[in-house]
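So this block is coords_9.cif, mmCIF, C-alpha atoms and all ligand atoms:
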```
data_entry
#
loop_
_atom_site.group_PDB
_atom_site.id
_atom_site.type_symbol
_atom_site.label_atom_id
_atom_site.label_comp_id
_atom_site.auth_asym_id
_atom_site.auth_seq_id
_atom_site.Cartn_x
_atom_site.Cartn_y
_atom_site.Cartn_z
ATOM 1 C CA MET A 136 -68.029 151.115 54.417
ATOM 2 C CA HIS A 137 -68.156 154.921 54.174
ATOM 3 C CA PRO A 138 -65.884 157.645 52.766
ATOM 4 C CA SER A 139 -63.384 159.115 55.238
ATOM 5 C CA GLU A 140 -64.013 162.490 56.869
ATOM 6 C CA GLU A 141 -61.087 163.825 54.829
ATOM 7 C CA LEU A 142 -62.814 162.873 51.560
ATOM 8 C CA LEU A 143 -66.114 164.379 52.732
ATOM 9 C CA ALA A 144 -64.344 167.587 53.795
ATOM 10 C CA GLY A 145 -62.682 167.854 50.368
ATOM 11 C CA PHE A 146 -66.082 167.317 48.753
ATOM 12 C CA ALA A 147 -67.609 170.053 50.950
ATOM 13 C CA CYS A 148 -64.851 172.520 49.932
ATOM 14 C CA GLY A 149 -65.303 171.746 46.236
ATOM 15 C CA GLU A 150 -61.883 170.083 45.982
ATOM 16 C CA ALA A 151 -63.146 166.718 44.704
ATOM 17 C CA ASP A 152 -62.655 166.094 40.972
ATOM 18 C CA VAL A 153 -65.461 164.815 38.726
ATOM 19 C CA PRO A 154 -64.873 161.050 39.215
ATOM 20 C CA ARG A 155 -64.672 161.458 43.007
ATOM 21 C CA ARG A 156 -67.779 163.678 43.084
ATOM 22 C CA ALA A 157 -69.697 161.061 41.080
ATOM 23 C CA LEU A 158 -68.775 158.335 43.596
ATOM 24 C CA LEU A 159 -69.471 160.473 46.662
ATOM 25 C CA GLU A 160 -72.788 161.786 45.283
ATOM 26 C CA GLY A 161 -73.790 158.194 44.572
ATOM 27 C CA HIS A 162 -72.954 157.117 48.138
ATOM 28 C CA LEU A 163 -74.462 160.195 49.839
ATOM 29 C CA ALA A 164 -77.772 159.646 48.030
ATOM 30 C CA GLY A 165 -78.325 156.492 50.081
ATOM 31 C CA CYS A 166 -76.393 157.139 53.323
ATOM 32 C CA ASP A 167 -78.030 159.215 56.094
ATOM 33 C CA GLU A 168 -74.936 158.871 58.265
ATOM 34 C CA CYS A 169 -72.615 160.489 55.698
ATOM 35 C CA ARG A 170 -75.163 163.175 54.807
ATOM 36 C CA SER A 171 -75.277 164.253 58.494
ATOM 37 C CA ALA A 172 -71.474 164.123 58.691
ATOM 38 C CA LEU A 173 -71.314 166.340 55.612
ATOM 39 C CA SER A 174 -73.747 168.913 57.015
ATOM 40 C CA ALA A 175 -71.777 168.965 60.274
ATOM 41 C CA LEU A 176 -68.623 169.638 58.253
ATOM 42 C CA THR A 177 -70.207 172.491 56.341
ATOM 43 C CA ALA A 178 -71.919 174.007 59.415
ATOM 44 C CA PRO A 179 -68.891 175.991 60.746
ATOM 45 C CA GLY A 180 -68.723 177.897 57.438
ATOM 46 C CA ALA A 181 -72.412 178.717 57.676
ATOM 47 C CA VAL A 182 -71.970 179.956 61.261
ATOM 48 C CA LEU A 183 -69.065 182.190 60.206
ATOM 49 C CA LEU A 184 -71.126 183.696 57.391
ATOM 50 C CA LYS A 185 -74.005 184.423 59.774
ATOM 51 C CA ALA A 186 -71.605 186.130 62.202
ATOM 52 C CA LEU A 187 -70.475 188.619 59.548
ATOM 53 C CA ALA A 188 -72.089 192.045 59.785
ATOM 54 C CA GLY A 189 -74.846 192.354 57.206
ATOM 55 C CA GLU A 190 -74.011 194.758 54.396
ATOM 56 C CA PRO A 191 -76.286 195.136 51.377
ATOM 57 C CA PRO A 192 -74.485 194.187 48.144
ATOM 58 C CA PRO A 193 -73.933 197.030 45.680
ATOM 59 C CA ASP A 194 -76.603 197.473 42.976
ATOM 60 C CA GLU A 195 -74.040 196.712 40.315
ATOM 61 C CA LEU A 196 -73.555 193.187 41.749
ATOM 62 C CA TRP A 197 -77.282 192.484 41.639
ATOM 63 C CA ASP A 198 -77.434 193.623 38.006
ATOM 64 C CA ARG A 199 -74.524 191.364 37.099
ATOM 65 C CA LEU A 200 -76.106 188.366 38.856
ATOM 66 C CA ARG A 201 -79.437 188.987 37.127
ATOM 67 C CA ARG A 202 -77.731 189.098 33.719
ATOM 68 C CA GLN A 203 -75.874 185.855 34.471
ATOM 69 C CA VAL A 204 -79.052 184.056 35.525
ATOM 70 C CA VAL A 205 -80.863 185.182 32.362
ATOM 71 C CA SER A 206 -78.006 183.952 30.148
ATOM 72 C CA MET A 207 -77.801 180.522 31.852
ATOM 73 C CA PRO A 208 -78.858 177.567 29.655
ATOM 74 C CA ALA A 209 -82.321 176.173 30.351
ATOM 75 C CA ALA A 210 -82.393 173.369 32.913
ATOM 76 C CA ASP A 211 -83.480 170.757 30.378
ATOM 77 C CA THR A 212 -80.196 171.183 28.443
ATOM 78 C CA GLN A 213 -78.442 169.363 31.268
ATOM 79 C CA ALA A 214 -81.162 166.713 31.510
ATOM 80 C CA ARG A 215 -80.848 166.066 27.782
ATOM 81 C CA ARG A 216 -77.087 165.767 28.057
ATOM 82 C CA SER A 217 -77.297 163.282 30.924
ATOM 83 C CA ARG A 218 -79.694 161.133 28.908
ATOM 84 C CA GLU A 219 -76.958 160.768 26.312
ATOM 85 C CA VAL A 220 -75.069 158.605 28.808
ATOM 86 C CA ASP A 221 -76.208 155.055 28.039
ATOM 87 C CA ASP A 222 -79.557 154.701 29.786
ATOM 88 C CA GLY A 223 -79.215 150.952 30.227
ATOM 89 C CA LEU A 224 -76.701 151.529 33.029
ATOM 90 C CA PRO A 225 -77.743 151.443 36.706
ATOM 91 C CA LEU A 226 -76.445 154.932 37.494
ATOM 92 C CA PRO A 227 -78.054 156.892 40.333
ATOM 93 C CA ALA A 228 -79.431 160.339 39.361
ATOM 94 C CA ALA A 229 -76.682 162.048 41.382
ATOM 95 C CA VAL A 230 -73.999 160.245 39.358
ATOM 96 C CA ARG A 231 -75.693 161.139 36.071
ATOM 97 C CA GLY A 232 -75.785 164.752 37.183
ATOM 98 C CA GLU A 233 -72.008 164.734 37.670
ATOM 99 C CA LEU A 234 -71.392 162.955 34.361
ATOM 100 C CA ALA A 235 -73.495 165.580 32.611
ATOM 101 C CA SER A 236 -70.868 168.157 33.553
ATOM 102 C CA ILE A 237 -68.270 166.333 31.458
ATOM 103 C CA LEU A 238 -68.061 167.356 27.833
ATOM 104 C CA PRO A 239 -68.194 165.862 25.274
ATOM 105 C CA PRO A 240 -70.931 163.391 26.310
ATOM 106 C CA CYS A 241 -69.532 160.069 27.460
ATOM 107 C CA GLN A 242 -69.475 157.087 25.179
ATOM 108 C CA VAL A 243 -69.464 153.652 26.675
ATOM 109 C CA THR A 244 -67.049 151.140 25.140
ATOM 110 C CA TRP A 245 -66.873 147.848 27.023
ATOM 111 C CA ARG A 246 -63.622 145.933 27.429
ATOM 112 C CA ARG A 247 -63.296 142.404 28.742
ATOM 113 C CA LEU A 248 -61.393 141.926 31.976
ATOM 114 C CA GLY A 249 -61.803 138.207 32.498
ATOM 115 C CA ARG A 250 -64.570 135.646 32.204
ATOM 116 C CA GLY A 251 -67.872 137.395 32.927
ATOM 117 C CA VAL A 252 -66.175 140.666 33.904
ATOM 118 C CA ARG A 253 -66.065 143.827 31.767
ATOM 119 C CA TYR A 254 -65.322 147.484 32.269
ATOM 120 C CA ALA A 255 -65.841 150.795 30.514
ATOM 121 C CA SER A 256 -63.852 153.979 31.014
ATOM 122 C CA PHE A 257 -66.353 156.775 31.333
ATOM 123 C CA ALA A 258 -64.346 159.892 31.633
ATOM 124 C CA ALA A 259 -61.132 161.435 32.819
ATOM 125 C CA ASP A 260 -61.169 164.620 34.868
ATOM 126 C CA PRO A 261 -59.638 167.324 32.659
ATOM 127 C CA VAL A 262 -57.546 168.681 35.543
ATOM 128 C CA THR A 263 -56.502 165.736 37.747
ATOM 129 C CA LYS A 264 -56.653 163.172 34.885
ATOM 130 C CA SER A 265 -58.232 160.633 37.253
ATOM 131 C CA SER A 266 -60.584 158.213 35.507
ATOM 132 C CA LEU A 267 -64.106 157.080 36.263
ATOM 133 C CA ILE A 268 -64.574 153.438 35.349
ATOM 134 C CA LEU A 269 -67.727 151.317 35.380
ATOM 135 C CA VAL A 270 -67.199 147.632 36.134
ATOM 136 C CA HIS A 271 -69.775 144.883 35.561
ATOM 137 C CA SER A 272 -69.326 141.333 36.784
ATOM 138 C CA GLU A 273 -71.667 138.394 36.352
ATOM 139 C CA ALA A 274 -72.766 136.430 39.438
ATOM 140 C CA GLY A 275 -70.049 134.289 40.992
ATOM 141 C CA ARG A 276 -67.212 135.704 38.840
ATOM 142 C CA SER A 277 -63.946 137.161 40.089
ATOM 143 C CA VAL A 278 -62.144 140.267 38.913
ATOM 144 C CA PRO A 279 -58.572 139.051 38.261
ATOM 145 C CA ALA A 280 -56.114 139.782 41.113
ATOM 146 C CA HIS A 281 -54.545 143.210 40.686
ATOM 147 C CA LEU A 282 -52.333 145.771 42.366
ATOM 148 C CA HIS A 283 -53.601 149.331 42.856
ATOM 149 C CA VAL A 284 -50.774 151.445 41.474
ATOM 150 C CA SER A 285 -52.470 154.605 42.807
ATOM 151 C CA ASP A 286 -55.186 155.176 45.422
ATOM 152 C CA GLU A 287 -58.503 153.756 44.267
ATOM 153 C CA GLU A 288 -62.034 154.585 45.393
ATOM 154 C CA LEU A 289 -65.022 152.398 44.642
ATOM 155 C CA LEU A 290 -68.805 152.652 44.939
ATOM 156 C CA VAL A 291 -70.978 149.548 44.663
ATOM 157 C CA LEU A 292 -73.988 150.493 42.499
ATOM 158 C CA ALA A 293 -75.809 147.174 42.539
ATOM 159 C CA GLY A 294 -75.196 143.624 43.746
ATOM 160 C CA GLY A 295 -72.278 142.843 46.022
ATOM 161 C CA PHE A 296 -68.807 141.352 46.220
ATOM 162 C CA THR A 297 -66.324 140.037 48.750
ATOM 163 C CA ASP A 298 -62.591 140.713 49.032
ATOM 164 C CA THR A 299 -59.958 140.700 51.792
ATOM 165 C CA HIS A 300 -61.834 143.578 53.521
ATOM 166 C CA GLY A 301 -65.080 141.636 53.760
ATOM 167 C CA ARG A 302 -68.362 141.884 51.909
ATOM 168 C CA HIS A 303 -69.483 145.054 50.140
ATOM 169 C CA GLU A 304 -73.035 145.712 49.058
ATOM 170 C CA ALA A 305 -74.934 148.305 47.030
ATOM 171 C CA GLY A 306 -74.210 151.833 48.264
ATOM 172 C CA GLY A 307 -70.931 150.798 49.917
ATOM 173 C CA PHE A 308 -67.901 153.033 49.421
ATOM 174 C CA MET A 309 -64.350 151.692 49.640
ATOM 175 C CA ALA A 310 -60.930 153.365 49.501
ATOM 176 C CA TYR A 311 -57.984 151.142 48.549
ATOM 177 C CA PRO A 312 -54.555 152.699 49.124
ATOM 178 C CA ALA A 313 -51.819 152.570 46.497
ATOM 179 C CA GLY A 314 -49.896 149.316 46.851
ATOM 180 C CA SER A 315 -52.877 147.232 47.985
ATOM 181 C CA ILE A 316 -53.829 144.034 46.169
ATOM 182 C CA HIS A 317 -57.216 142.340 45.949
ATOM 183 C CA GLN A 318 -59.312 139.904 43.944
ATOM 184 C CA PRO A 319 -62.998 140.791 44.344
ATOM 185 C CA ARG A 320 -65.459 137.917 43.981
ATOM 186 C CA THR A 321 -69.035 138.759 43.008
ATOM 187 C CA ASP A 322 -71.904 137.286 45.056
ATOM 188 C CA GLY A 323 -73.328 134.086 43.629
ATOM 189 C CA ASP A 324 -76.914 135.354 43.410
ATOM 190 C CA GLY A 325 -76.621 138.281 41.017
ATOM 191 C CA ALA A 326 -74.458 140.567 38.915
ATOM 192 C CA CYS A 327 -72.447 143.378 40.493
ATOM 193 C CA TRP A 328 -72.003 146.921 39.150
ATOM 194 C CA CYS A 329 -69.329 149.231 40.553
ATOM 195 C CA LEU A 330 -68.012 152.699 39.820
ATOM 196 C CA VAL A 331 -64.287 153.167 40.343
ATOM 197 C CA ARG A 332 -62.085 156.258 40.518
ATOM 198 C CA THR A 333 -58.448 155.675 39.782
ATOM 199 C CA GLU A 334 -55.444 157.811 38.898
ATOM 200 C CA LYS A 335 -53.309 155.135 37.245
ATOM 201 C CA PRO A 336 -54.249 151.829 35.589
ATOM 202 C CA ASN A 337 -54.180 148.786 37.882
ATOM 203 C CA ARG A 338 -51.473 146.217 37.372
ATOM 204 C CA PHE A 339 -52.678 142.692 36.729
ATOM 205 C CA PHE A 340 -50.769 139.509 37.420
ATOM 206 C CA GLY A 341 -50.139 136.471 35.207
ATOM 207 C CA TRP A 342 -50.842 136.605 31.466
ATOM 208 C CA ARG A 343 -52.926 139.785 31.818
ATOM 209 C CA GLY A 344 -49.873 141.515 33.250
ATOM 210 C CA TRP A 345 -47.775 140.338 30.302
ATOM 211 C CA LEU A 346 -50.368 141.635 27.877
ATOM 212 C CA GLN A 347 -50.632 144.914 29.733
ATOM 213 C CA ARG A 348 -46.859 145.447 29.573
ATOM 214 C CA LEU A 349 -46.810 144.572 25.861
ATOM 215 C CA VAL A 350 -49.467 147.101 24.868
ATOM 216 C CA SER A 351 -48.460 149.952 27.187
HETATM 217 ZN ZN ZN B 401 -71.819 156.680 54.306
#
```

Please re-express this file's structure in structure tokens.
Ligand SMILES: [Zn+2]
Amino acid sequence: MHPSEELLAGFACGEADVPRRALLEGHLAGCDECRSALSALTAPGAVLLKALAGEPPPDELWDRLRRQVVSMPAADTQARRSREVDDGLPLPAAVRGELASILPPCQVTWRRLGRGVRYASFAADPVTKSSLILVHSEAGRSVPAHLHVSDEELLVLAGGFTDTHGRHEAGGFMAYPAGSIHQPRTDGDGACWCLVRTEKPNRFFGWRGWLQRLVS
């Protein structure tokens, strides 16, 4: 599956928040189809710019730009920061780049979500408050059935799983609307890693739901 044109357009305009950018960057890195769709979406803006009459920028603007470039932190500052995200995680470079923009550096604390399934909240966007969550499931395990209280987007980083929408493999992007319910089951031949963007915590059923209501 691929992100919708609406999501790609928002990404092109700079509207996507950090968790969504991380997911889309991760998908775009491996999807030629979406990269072409994205360049087609950004092309009209480029054409409009070209059509504008050329006018040299004032000297003062150049001076200001030069000063800004000189005062920018060295490129390796960002590389160092991204290395502070746990390097044992299978995160594509594009995702690490996005995470590096979040301060303070992320700390990974795993929580158990069921037998063989765990998750870690990476970061919340300071403006939209949406969260970026990493989920790891061992081969053959299921994430407990849950209701998406808000829209949820998901990128498969490694391995694969099956739910009511079919099978999803590494690089696949899914958008689950608020109100949808699923119970993903990881492939039997290997672990699955996913990145998830969500605005509100999912609601679990059964004893997990009870526990969730008790602690919230
Ligand atoms: Zn795609």

The PyMOL selection byres (((chain A and resi 257-260) around 8) and not hetatm) applied to the shown file, residues as a list in words:
Asp152, Val153, Pro154, Ile237, Cys241, Gln242, Val243, Ala255, Ser256, Pro261, Val262, Thr263, Lys264, Ser265, Ser266, Leu267, Ile268 and Leu269 of chain A

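Relative to atom CA of Glu160 of chain A, atom CA of Asp298 of chain A is found at 23.7 Å.
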
Result set, the PyMOL selection byres (((chain A and resi 299) around 12) and not hetatm) on current file, as a VMD selection string
chain A and resid 280 296 to 298 300 to 303 311 315 to 320

Residues of the last selection are to be written out with C-alpha atoms, as a compact mmCIF listing (two decimals), in the frame of the given file.
```txt
# COMPACT_ATOMS: atom_id res chain seq x y z
CA ALA A 280 -56.11 139.78 41.11
CA PHE A 296 -68.81 141.35 46.22
CA THR A 297 -66.32 140.04 48.75
CA ASP A 298 -62.59 140.71 49.03
CA HIS A 300 -61.83 143.58 53.52
CA GLY A 301 -65.08 141.64 53.76
CA ARG A 302 -68.36 141.88 51.91
CA HIS A 303 -69.48 145.05 50.14
CA TYR A 311 -57.98 151.14 48.55
CA SER A 315 -52.88 147.23 47.98
CA ILE A 316 -53.83 144.03 46.17
CA HIS A 317 -57.22 142.34 45.95
CA GLN A 318 -59.31 139.90 43.94
CA PRO A 319 -63.00 140.79 44.34
CA ARG A 320 -65.46 137.92 43.98
```

Evaluate the PyMOL selection byres (((chain A and resi 245) around 6) and not hetatm) and record the selected residues as an mmCIF file with C-alpha atoms, in the frame of the given file, following the chain and residue labels used in the document.
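Just written: result.cif:
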```cif
data_model
loop_
_atom_site.group_PDB
_atom_site.id
_atom_site.type_symbol
_atom_site.label_atom_id
_atom_site.label_comp_id
_atom_site.auth_asym_id
_atom_site.auth_seq_id
_atom_site.Cartn_x
_atom_site.Cartn_y
_atom_site.Cartn_z
ATOM 1 C CA THR A 244 -67.049 151.140 25.140
ATOM 2 C CA ARG A 246 -63.622 145.933 27.429
ATOM 3 C CA TYR A 254 -65.322 147.484 32.269
ATOM 4 C CA ALA A 255 -65.841 150.795 30.514
#
```

With only C-alpha atoms and all ligand atoms as the basis for distance, which of A:Glu273, A:Leu330, A:Leu226, A:Gly306 is at the shortest distance from ligand ZN 401 (chain B)?
A:Gly306

In Å, how far is it from atom CA of Ser139 of chain A to atom CA of Gly323 of chain A?
29.3 Å

Using only C-alpha atoms and all ligand atoms, which of A:Val278, A:Val291, A:Met136, A:Leu234 sits nearest ligand ZN 401 (chain B)?
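The closest residue to ligand ZN 401 (chain B) is A:Met136.
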
What gap, in Å, lies between atom CA of Cys169 of chain A and atom CA of Ala274 of chain A?
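Answer for the atom CA of Cys169 of chain A to atom CA of Ala274 of chain A separation: 29.0 Å.
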
Show me which residues sit within 6 Å of ligand ZN 401 (chain B) when counting all atoms listed in the file, and put them as JSON, numbers by chain.
{"A": [137, 166, 168, 169]}

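Here the question is which of A:Cys327, A:Leu248, A:Ala305, A:Leu282 gets nearest to Gly161 of chain A using only C-alpha atoms, and that residue is A:Ala305.
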
Among the residues A:His281, A:Leu158, A:Ser171, A:Gly314, the one that comes closest to Gly232 of chain A [using only C-alpha atoms]:
A:Leu158

Which of A:Glu150, A:Glu334, A:Asp322, A:Glu140 sits closest to Gly275 of chain A [using all atoms listed in the file]
A:Asp322

Which of these residues is nearest to Leu159 of chain A, using all atoms listed in the file: A:Leu289, A:Ala313, A:Val270, A:Leu224?
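The closest residue to Leu159 of chain A is A:Leu289.
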